[in-house]
Amino acid sequence: MGGPPFSDRHDAGRRLATALVHYQRRTDAVVLALPRGGVPVAFEVAAALHLPLDVFLVRKLGAPGHPEFAIGAIAAGGIRVVSEDAIAALGVTPDVIDQIAARESVELERRDAAYHAGRPRIDLRGKTAIVIDDGLATGSTMEAAVSALRAQDVARIVVGAPVGARESCARLERLADEVVCLETPAPFQAVGLWYRIFDQTSDDEVVDLLRRAGV
């Protein structure tokens with residue numbers, strides 16, 4: 001009582017899997033993790049549901065001077081989502097957004113090469129994509145992922161997160177086919193507050209979990 005609801009990302013993933021059990025062993029479903037923090041969560045979901053696991057690359061666009069505050073996100077396929085309210089409030093110009101997006105695109109490509117080295121990507125056409133992150137603060141990263149997946153002819157998009165801001169989960173319900181947020185505390189403040197252990201997930205850990213999942 002009084003402490004964070006999740007001990008770590010693996011604990012959160014096992015608990016999230018119980019809310020997604022209706023997708024267990026579905027031959028048309030795949031679990032997609034948003035790197036890096038979403039990977040340990042998604043690993044547990046995929047294991048519990050006996051579904052294939054892959055990563056879906058999305059990069060947050062951080063505000064100038066405050067990189068942890070998302071003003072938008074980019075995803076594979078050239079998808080860009082921006083928060084018009086955040087941009088207006090901070091006075092961020094289109095040129096600055098372009099510069100941030102260009103920088104994050106370099107990291108997106110680096111991670112794609114690292115995570116998919118020697119591993120074929122899962123064909124998502126006609127599949128139910130269960131997209132997992134460790135939490136939804138502004139939701140812009142997940143919003144970009146949903147937009148990018150729509151362009152890849154998936155049949156259904158399910159968003160899953162152990163914890164999320166109420167307004168972000170509600171907004172995503174208008175974009176995805178199903179949204180599962182286990183906890184929607186208010187005030188939300190930050191994802192890490194709802195985990196007892198919230199260490200940064202490394203590239204090596206991502207690669208190891210994908211290997212263990214058989215990707």
# chains A, B, ... in the order shown; residues from 1 in each chain; ligands from 1
>>> closest_atom_pairs(of="region 55-147 of chain A", to="region 175-184 of chain A", cutoff="9 Å", atoms="only C-alpha atoms", output="CSV")
residue,atom,partner,partner_atom,distance
A:Gly135,CA,A:Cys181,CA,8.5
A:Leu136,CA,A:Cys181,CA,8.6
A:Glu143,CA,A:Leu175,CA,7.7
A:Val146,CA,A:Ala176,CA,6.7
A:Ser147,CA,A:Leu175,CA,8.2
>>> write_last_selection(atoms="C-alpha atoms", output="PDB file, in the first residue's frame")
ATOM      1  CA  GLY A 135       3.920   3.577 -19.897  1.00  0.00           C
ATOM      2  CA  LEU A 136       1.982   6.304 -21.671  1.00  0.00           C
ATOM      3  CA  GLU A 143       0.379   7.635 -31.401  1.00  0.00           C
ATOM      4  CA  VAL A 146      -0.323   3.488 -34.381  1.00  0.00           C
ATOM      5  CA  SER A 147      -0.202   5.851 -37.375  1.00  0.00           C
TER       6      SER A 147
END
>>> residues_around(residues="region 205-212 of chain A", least_positions_apart="2", cutoff="7 Å", atoms="only C-alpha atoms", output="list in words")
Arg36, Val39, Phe43, Tyr115, Thr201, Ser202, Asp203, Gly214 and Val215 of chain A
>>> write_last_selection(atoms="C-alpha atoms", output="PDB file, in the first residue's frame")
ATOM      1  CA  ARG A  36      13.706   0.369 -25.319  1.00  0.00           C
ATOM      2  CA  VAL A  39      10.801  -4.484 -24.642  1.00  0.00           C
ATOM      3  CA  PHE A  43       8.789  -9.928 -23.700  1.00  0.00           C
ATOM      4  CA  TYR A 115      17.967  -4.887 -33.280  1.00  0.00           C
ATOM      5  CA  THR A 201      16.893  -0.550 -20.657  1.00  0.00           C
ATOM      6  CA  SER A 202      20.094  -1.005 -22.686  1.00  0.00           C
ATOM      7  CA  ASP A 203      20.555  -2.010 -26.318  1.00  0.00           C
ATOM      8  CA  GLY A 214      13.308 -16.450 -30.813  1.00  0.00           C
ATOM      9  CA  VAL A 215      13.086 -13.390 -33.025  1.00  0.00           C
TER      10      VAL A 215
END
>>> atom_distance(atom1="CA of Ala186 (chain A)", atom2="CA of Ile157 (chain A)")
25.9 Å
>>> closest_residue(among="A:His66, A:Arg121, A:Arg9, A:Arg103", to="Leu53 (chain A)", atoms="only C-alpha atoms")
A:Arg121
>>> residues_around(residues="Val31 (chain A)", least_positions_apart="5", cutoff="7 Å", atoms="only C-alpha atoms", output="ChimeraX atom specification")
/A:42,46,51-54,129-131
>>> write_last_selection(atoms="C-alpha atoms", output="compact mmCIF listing (two decimals), in the first residue's frame")
# COMPACT_ATOMS: atom_id res chain seq x y z
CA ALA A 42 6.43 -6.98 -24.21
CA ALA A 46 4.63 -12.47 -25.71
CA LEU A 51 2.96 -15.04 -29.53
CA PRO A 52 5.89 -13.87 -31.68
CA LEU A 53 7.74 -10.76 -30.52
CA ASP A 54 9.36 -7.99 -32.53
CA ALA A 129 -0.56 -5.94 -33.75
CA ILE A 130 -0.39 -5.73 -29.95
CA VAL A 131 1.81 -2.70 -29.36
>>> select_by_dssp(residues="region 28-120 of chain A", states="helix (DSSP H, G or I)", output="PyMOL selection string")
chain A and resi 38-49+84-90+94-115
>>> closest_residue(among="A:Ala144, A:Leu49, A:Ile100, A:Ala117", to="Pro67 (chain A)", atoms="only C-alpha atoms")
A:Ile100
>>> residues_around(residues="region 165-169 of chain A", least_positions_apart="5", cutoff="6 Å", atoms="only C-alpha atoms", output="PDB file with C-alpha atoms, in the first residue's frame")
ATOM      1  CA  ALA A 137       2.767   9.838 -20.557  1.00  0.00           C
ATOM      2  CA  THR A 138       1.903  12.206 -23.432  1.00  0.00           C
ATOM      3  CA  GLY A 139       1.148   9.189 -25.622  1.00  0.00           C
ATOM      4  CA  THR A 184      -4.432   5.415 -14.925  1.00  0.00           C
ATOM      5  CA  PHE A 188       0.285  11.096 -13.531  1.00  0.00           C
TER       6      PHE A 188
END
>>> closest_residue(among="A:Ile87, A:Leu16, A:Ala75, A:Val81", to="Pro35 (chain A)", atoms="only C-alpha atoms")
A:Ala75
>>> closest_residue(among="A:Ala73, A:Ile132, A:Leu57, A:Ile197", to="Ala17 (chain A)", atoms="only C-alpha atoms")
A:Ile132
>>> closest_residue(among="A:Arg111, A:Arg196, A:Arg171, A:His22", to="Val58 (chain A)", atoms="only C-alpha atoms")
A:Arg111
>>> closest_residue(among="A:Arg14, A:His50, A:Arg110, A:Arg59", to="Ala29 (chain A)", atoms="only C-alpha atoms")
A:His50
>>> residues_around(residues="region 151-155 of chain A", least_positions_apart="5", cutoff="8 Å", atoms="only C-alpha atoms", output="number ranges by chain")
A: 124-129
>>> atom_distance(atom1="CA of His116 (chain A)", atom2="CA of Gly72 (chain A)")
24.7 Å
>>> residues_around(residues="Asp8 (chain A)", least_positions_apart="6", cutoff="10 Å", atoms="only C-alpha atoms", output="list in words")
Pro40, Val41, Asp134, Gly192, Trp194, Tyr195, Arg196, Ile197, Phe198 and Asp199 of chain A
>>> select_by_dssp(residues="region 3-131 of chain A", states="strand (DSSP E or B)", output="MDAnalysis selection string")
chainID A and resid 6 29:33 53:55 58:63 66:75 79:82 128:131
>>> atom_distance(atom1="CA of Gly3 (chain A)", atom2="CA of Val21 (chain A)")
26.5 Å
>>> residues_around(residues="Leu61 (chain A)", least_positions_apart="5", cutoff="9 Å", atoms="only C-alpha atoms", output="mmCIF file with C-alpha atoms, in the first residue's frame")
data_model
loop_
_atom_site.group_PDB
_atom_site.id
_atom_site.type_symbol
_atom_site.label_atom_id
_atom_site.label_comp_id
_atom_site.auth_asym_id
_atom_site.auth_seq_id
_atom_site.Cartn_x
_atom_site.Cartn_y
_atom_site.Cartn_z
ATOM 1 C CA PRO A 67 14.481 16.426 -24.068
ATOM 2 C CA GLU A 68 12.365 14.295 -21.716
ATOM 3 C CA PHE A 69 9.252 16.330 -22.583
ATOM 4 C CA ALA A 70 7.782 14.995 -25.819
ATOM 5 C CA ILE A 71 6.495 17.440 -28.402
ATOM 6 C CA GLY A 72 5.982 14.635 -30.915
ATOM 7 C CA ALA A 73 7.461 11.440 -32.275
ATOM 8 C CA ILE A 74 8.629 9.782 -35.476
ATOM 9 C CA VAL A 82 3.474 16.350 -33.226
ATOM 10 C CA ILE A 97 11.125 20.451 -35.261
ATOM 11 C CA ILE A 100 15.082 17.429 -33.943
ATOM 12 C CA ALA A 101 13.381 14.934 -36.261
ATOM 13 C CA GLU A 104 16.231 11.302 -34.060
ATOM 14 C CA SER A 140 2.815 10.802 -28.643
ATOM 15 C CA THR A 141 5.260 7.935 -29.147
#
